[in-house]
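Undergrad: For reference, the structure I am asking about is given below.
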Amino acid sequence: MTVTADAPARTHEEGRRLVAERAHRVLAEHPPATTGLREVLGAVYDAGLAWVHFPPGRGGLGLDAGLQEVAQRILEDAGVPPVFELNPMGYGMAGPTIVEHGSDELCEALLRPLYTCEHLWCQLFSEPGAGSDLAGLATRAVRDGDEWVVNGQKVWTSLGHVARWAMLLARTDPDAAKHKGLSYFLVDMTSPGVSVRPLRQMTGEAEFNEVFLEDVRIPDAQRLGDVGAGWSVAMTTLMNERTAIGGGSSVRGSGLVGTALRLWQERPELRTPALEERLVGLFVRADAARLTGDRQRVERGDAPIGPEGSAAKLVWAELGQDVLDFCMDLLGPEASVYSGYDLVREPEDLGDGVLRRATISSAEDVQRAWLRSRAFTIEGGTSDVLRNIVGERLLGLPGDLRADRGPWSEVPRG
């Protein structure tokens, strides 16, 4: 089933019916039980259900973003995993950035294999000397005819060891102010000069890496946005990242709070009145965040994501840590026993070469998730940075004092 340039539905209810009809048709024509996963995902993309708010022919239908949940519920109930779990940087960040800033040629070449997980994606933003102060990055891109030659180092690159494509932010004009001298590129991770080294985490896993770029050549056709306008393109990526992380689920009692509820049901011998009161409080917070996210999706419609995504990510990151703290306290002494590096497990093979990382299904999985959750308030923007964004851009408070104005090349660096 292919999608033509259909006119967008005129009402929310019409859009809901259209999305549901297309989702059921995909499942009827491509039963997940007997069809390869990549074929099913390709049919979902062709039906315009990958990102329903994207334009027709680009994996969407031109509808409100809030209607994505309609498709997701129908597909997931039939056993189709959400692509965000399989290709998080691709689905949550690269796709929205490419469709907003990329050429027709890039959209045509990259969006469909991204959604079918043929191409996994990573993000080459953070550097050893530019983490929270991302605009201070030093990786250089120098123009050489129709190509750019890139040299530098990136760090904390999740899935960089398996990614085929990356979003890259590099400095193209060191004499401009630090936010003005950046440009945004898409880089093939198999290009000569790209080397990836794993970084071991305290969970025993190595899902993120450091990446070295040595004379890597990138065609100018793989640049998104104008030269020097990379910061505004990066904001599209970061706002979508924070919304993806903080978007939660529209299903009540799902996600990490669902993990806490399952553990509470499975281990009645561990219950206490004090723990019960904490669990009720966590459920209320999760429900408030869920309803707020639903309202924001409806109010935003197909408008670009703004700084409200930072607030959502801030709330969900801190809530996630609190939920897993509760789970560890519920387990009591049992929580102190962890097999550490021996616990590392291979991702689940879903067929067609599509992999999914392990989910939380046992006490040891909770322990691993608790260790991993220490990064919740760092990745995708630290909580301190996000509070500044909320204060300045949502509440209109005065901005922080800044001593780094002027040409980047003249700003002292640590």
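Quick note on naming: the chains in the structure tokens go A, B, ... in the order shown, residues restart at 1 in each chain, and ligands are numbered from 1 in order of appearance.
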Using DSSP on the backbone coordinates, identify the residues of stretch 130-372 of chain A assigned to alpha helix (DSSP H); present them as an MDAnalysis selection string.
TA: chainID A and resid 230:246 255:266 273:300 308:331 363:372
Undergrad: Keeping only C-alpha atoms, take the residues you just selected and write them out as a PDB file, in the first residue's frame.
TA:
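File written: selection_23.pdb
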```
ATOM      1  CA  GLY A 230      23.940  24.722  12.452  1.00  0.00           C
ATOM      2  CA  TRP A 231      22.813  25.844  15.896  1.00  0.00           C
ATOM      3  CA  SER A 232      19.228  26.428  14.763  1.00  0.00           C
ATOM      4  CA  VAL A 233      19.185  23.017  13.049  1.00  0.00           C
ATOM      5  CA  ALA A 234      20.640  21.445  16.200  1.00  0.00           C
ATOM      6  CA  MET A 235      17.815  23.012  18.206  1.00  0.00           C
ATOM      7  CA  THR A 236      15.352  21.052  16.070  1.00  0.00           C
ATOM      8  CA  THR A 237      17.261  17.880  16.969  1.00  0.00           C
ATOM      9  CA  LEU A 238      17.552  18.695  20.672  1.00  0.00           C
ATOM     10  CA  MET A 239      13.938  19.789  21.128  1.00  0.00           C
ATOM     11  CA  ASN A 240      12.767  16.582  19.465  1.00  0.00           C
ATOM     12  CA  GLU A 241      15.206  14.551  21.569  1.00  0.00           C
ATOM     13  CA  ARG A 242      13.899  16.042  24.804  1.00  0.00           C
ATOM     14  CA  THR A 243      10.304  15.569  23.738  1.00  0.00           C
ATOM     15  CA  ALA A 244      11.018  11.960  22.730  1.00  0.00           C
ATOM     16  CA  ILE A 245      12.681  11.229  26.069  1.00  0.00           C
ATOM     17  CA  GLY A 246      10.081  13.127  28.075  1.00  0.00           C
ATOM     18  CA  GLY A 255       6.548   2.841  31.319  1.00  0.00           C
ATOM     19  CA  LEU A 256       8.732   2.790  34.420  1.00  0.00           C
ATOM     20  CA  VAL A 257       5.825   3.364  36.787  1.00  0.00           C
ATOM     21  CA  GLY A 258       4.322   0.237  35.223  1.00  0.00           C
ATOM     22  CA  THR A 259       7.497  -1.612  36.225  1.00  0.00           C
ATOM     23  CA  ALA A 260       6.987  -0.478  39.828  1.00  0.00           C
ATOM     24  CA  LEU A 261       3.344  -1.576  39.750  1.00  0.00           C
ATOM     25  CA  ARG A 262       4.284  -5.032  38.408  1.00  0.00           C
ATOM     26  CA  LEU A 263       6.956  -5.476  41.051  1.00  0.00           C
ATOM     27  CA  TRP A 264       4.449  -4.448  43.750  1.00  0.00           C
ATOM     28  CA  GLN A 265       1.982  -7.056  42.519  1.00  0.00           C
ATOM     29  CA  GLU A 266       4.591  -9.809  42.172  1.00  0.00           C
ATOM     30  CA  PRO A 273       2.366   1.088  54.338  1.00  0.00           C
ATOM     31  CA  ALA A 274       5.202   3.584  53.824  1.00  0.00           C
ATOM     32  CA  LEU A 275       6.150   2.042  50.475  1.00  0.00           C
ATOM     33  CA  GLU A 276       2.502   1.957  49.433  1.00  0.00           C
ATOM     34  CA  GLU A 277       2.213   5.693  50.092  1.00  0.00           C
ATOM     35  CA  ARG A 278       5.327   6.321  47.967  1.00  0.00           C
ATOM     36  CA  LEU A 279       3.959   4.211  45.109  1.00  0.00           C
ATOM     37  CA  VAL A 280       0.670   6.119  45.114  1.00  0.00           C
ATOM     38  CA  GLY A 281       2.572   9.399  44.955  1.00  0.00           C
ATOM     39  CA  LEU A 282       4.687   8.172  42.019  1.00  0.00           C
ATOM     40  CA  PHE A 283       1.595   7.015  40.154  1.00  0.00           C
ATOM     41  CA  VAL A 284      -0.045  10.418  40.629  1.00  0.00           C
ATOM     42  CA  ARG A 285       3.070  12.196  39.334  1.00  0.00           C
ATOM     43  CA  ALA A 286       3.273   9.869  36.331  1.00  0.00           C
ATOM     44  CA  ASP A 287      -0.383  10.404  35.528  1.00  0.00           C
ATOM     45  CA  ALA A 288      -0.028  14.185  35.763  1.00  0.00           C
ATOM     46  CA  ALA A 289       2.973  14.059  33.413  1.00  0.00           C
ATOM     47  CA  ARG A 290       1.075  11.778  31.015  1.00  0.00           C
ATOM     48  CA  LEU A 291      -1.945  14.084  30.855  1.00  0.00           C
ATOM     49  CA  THR A 292       0.280  17.135  30.438  1.00  0.00           C
ATOM     50  CA  GLY A 293       2.051  15.443  27.527  1.00  0.00           C
ATOM     51  CA  ASP A 294      -1.275  14.544  25.893  1.00  0.00           C
ATOM     52  CA  ARG A 295      -2.462  18.143  26.220  1.00  0.00           C
ATOM     53  CA  GLN A 296       0.762  19.536  24.779  1.00  0.00           C
ATOM     54  CA  ARG A 297       0.592  17.197  21.766  1.00  0.00           C
ATOM     55  CA  VAL A 298      -2.991  18.251  21.022  1.00  0.00           C
ATOM     56  CA  GLU A 299      -2.280  21.965  21.501  1.00  0.00           C
ATOM     57  CA  ARG A 300       0.890  21.860  19.385  1.00  0.00           C
ATOM     58  CA  GLU A 308       8.157  22.870  26.390  1.00  0.00           C
ATOM     59  CA  GLY A 309       9.976  19.669  25.415  1.00  0.00           C
ATOM     60  CA  SER A 310      12.695  20.614  27.896  1.00  0.00           C
ATOM     61  CA  ALA A 311      10.130  20.768  30.698  1.00  0.00           C
ATOM     62  CA  ALA A 312       8.747  17.346  29.740  1.00  0.00           C
ATOM     63  CA  LYS A 313      12.197  15.763  29.673  1.00  0.00           C
ATOM     64  CA  LEU A 314      13.072  17.330  33.045  1.00  0.00           C
ATOM     65  CA  VAL A 315       9.922  15.916  34.665  1.00  0.00           C
ATOM     66  CA  TRP A 316      10.239  12.409  33.228  1.00  0.00           C
ATOM     67  CA  ALA A 317      13.969  12.101  33.969  1.00  0.00           C
ATOM     68  CA  GLU A 318      13.582  12.917  37.646  1.00  0.00           C
ATOM     69  CA  LEU A 319      10.402  10.852  37.936  1.00  0.00           C
ATOM     70  CA  GLY A 320      12.160   7.869  36.340  1.00  0.00           C
ATOM     71  CA  GLN A 321      14.955   8.042  38.875  1.00  0.00           C
ATOM     72  CA  ASP A 322      12.466   8.264  41.752  1.00  0.00           C
ATOM     73  CA  VAL A 323      10.490   5.283  40.431  1.00  0.00           C
ATOM     74  CA  LEU A 324      13.603   3.107  40.226  1.00  0.00           C
ATOM     75  CA  ASP A 325      14.722   4.296  43.673  1.00  0.00           C
ATOM     76  CA  PHE A 326      11.368   3.020  44.938  1.00  0.00           C
ATOM     77  CA  CYS A 327      11.870  -0.340  43.214  1.00  0.00           C
ATOM     78  CA  MET A 328      15.277  -0.766  44.831  1.00  0.00           C
ATOM     79  CA  ASP A 329      13.903   0.161  48.261  1.00  0.00           C
ATOM     80  CA  LEU A 330      11.084  -2.335  47.775  1.00  0.00           C
ATOM     81  CA  LEU A 331      13.570  -5.112  47.007  1.00  0.00           C
ATOM     82  CA  ALA A 363      14.810  -8.085  39.882  1.00  0.00           C
ATOM     83  CA  GLU A 364      18.274  -7.973  38.315  1.00  0.00           C
ATOM     84  CA  ASP A 365      16.874  -6.021  35.384  1.00  0.00           C
ATOM     85  CA  VAL A 366      15.566  -3.471  37.890  1.00  0.00           C
ATOM     86  CA  GLN A 367      19.037  -3.215  39.402  1.00  0.00           C
ATOM     87  CA  ARG A 368      20.569  -2.661  35.984  1.00  0.00           C
ATOM     88  CA  ALA A 369      17.915  -0.052  35.157  1.00  0.00           C
ATOM     89  CA  TRP A 370      18.589   1.726  38.470  1.00  0.00           C
ATOM     90  CA  LEU A 371      22.284   1.983  37.666  1.00  0.00           C
ATOM     91  CA  ARG A 372      21.447   3.194  34.146  1.00  0.00           C
TER      92      ARG A 372
END
```
Undergrad: Please provide the set of residues having any atom within 8 Å of A:Leu186, restricted to only C-alpha atoms, with same-chain residues fewer than 3 positions apart removed, written as a VMD selection string.
TA: chain A and resid 165 to 168 218 222 to 224
Undergrad: I need the chosen residues saved as an mmCIF file, in the first residue's frame, with N, CA and C atoms.
TA:
```cif
data_model
loop_
_atom_site.group_PDB
_atom_site.id
_atom_site.type_symbol
_atom_site.label_atom_id
_atom_site.label_comp_id
_atom_site.auth_asym_id
_atom_site.auth_seq_id
_atom_site.Cartn_x
_atom_site.Cartn_y
_atom_site.Cartn_z
ATOM 1 N N TRP A 165 24.511 5.927 10.219
ATOM 2 C CA TRP A 165 24.491 7.358 9.971
ATOM 3 C C TRP A 165 24.541 8.122 11.280
ATOM 4 N N ALA A 166 25.046 9.360 11.181
ATOM 5 C CA ALA A 166 25.152 10.205 12.372
ATOM 6 C C ALA A 166 24.776 11.638 12.034
ATOM 7 N N MET A 167 24.226 12.313 13.023
ATOM 8 C CA MET A 167 24.015 13.763 12.973
ATOM 9 C C MET A 167 25.241 14.422 13.581
ATOM 10 N N LEU A 168 25.869 15.324 12.849
ATOM 11 C CA LEU A 168 27.136 15.919 13.270
ATOM 12 C C LEU A 168 27.015 17.431 13.333
ATOM 13 N N ILE A 218 32.889 14.798 3.893
ATOM 14 C CA ILE A 218 31.425 14.772 3.845
ATOM 15 C C ILE A 218 30.977 15.639 2.667
ATOM 16 N N GLN A 222 25.194 16.770 1.978
ATOM 17 C CA GLN A 222 24.759 16.191 3.244
ATOM 18 C C GLN A 222 24.779 17.211 4.382
ATOM 19 N N ARG A 223 24.802 18.478 4.029
ATOM 20 C CA ARG A 223 24.683 19.545 5.019
ATOM 21 C C ARG A 223 23.212 19.908 5.167
ATOM 22 N N LEU A 224 22.751 20.076 6.409
ATOM 23 C CA LEU A 224 21.387 20.521 6.684
ATOM 24 C C LEU A 224 21.431 21.986 7.104
#
```
Undergrad: Taking only C-alpha atoms into account, which of A:Arg16, A:His179, A:Arg25, A:Arg171 comes nearest A:Val52?
TA: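 Checking each candidate against A:Val52, we get A:Arg16 as the closest.
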Undergrad: One number please: atom CA of A:Val385 to atom CA of A:Gly406, in Å, one decimal.
TA: 21.6 Å
Undergrad: Compare A:Ala130, A:Val337, A:Leu27, A:Ala229 by their minimum atom-to-atom distance to A:Asp77, counting only C-alpha atoms, and give me the closest one.
TA: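 Checking each of A:Ala130, A:Val337, A:Leu27, A:Ala229 against A:Asp77, counting only C-alpha atoms, the winner is A:Leu27.
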Undergrad: Between A:Pro56, A:Gly396, A:Gly95, A:Gly62, which has the minimum distance to A:Pro307 (counting only C-alpha atoms)?
TA: A:Gly396
Undergrad: For the atom pair atom CA of A:Gly59 and atom CA of A:Thr11, what is the interatomic distance in Å to one decimal place?
TA: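 Between these atoms lies a distance of 20.3 Å.
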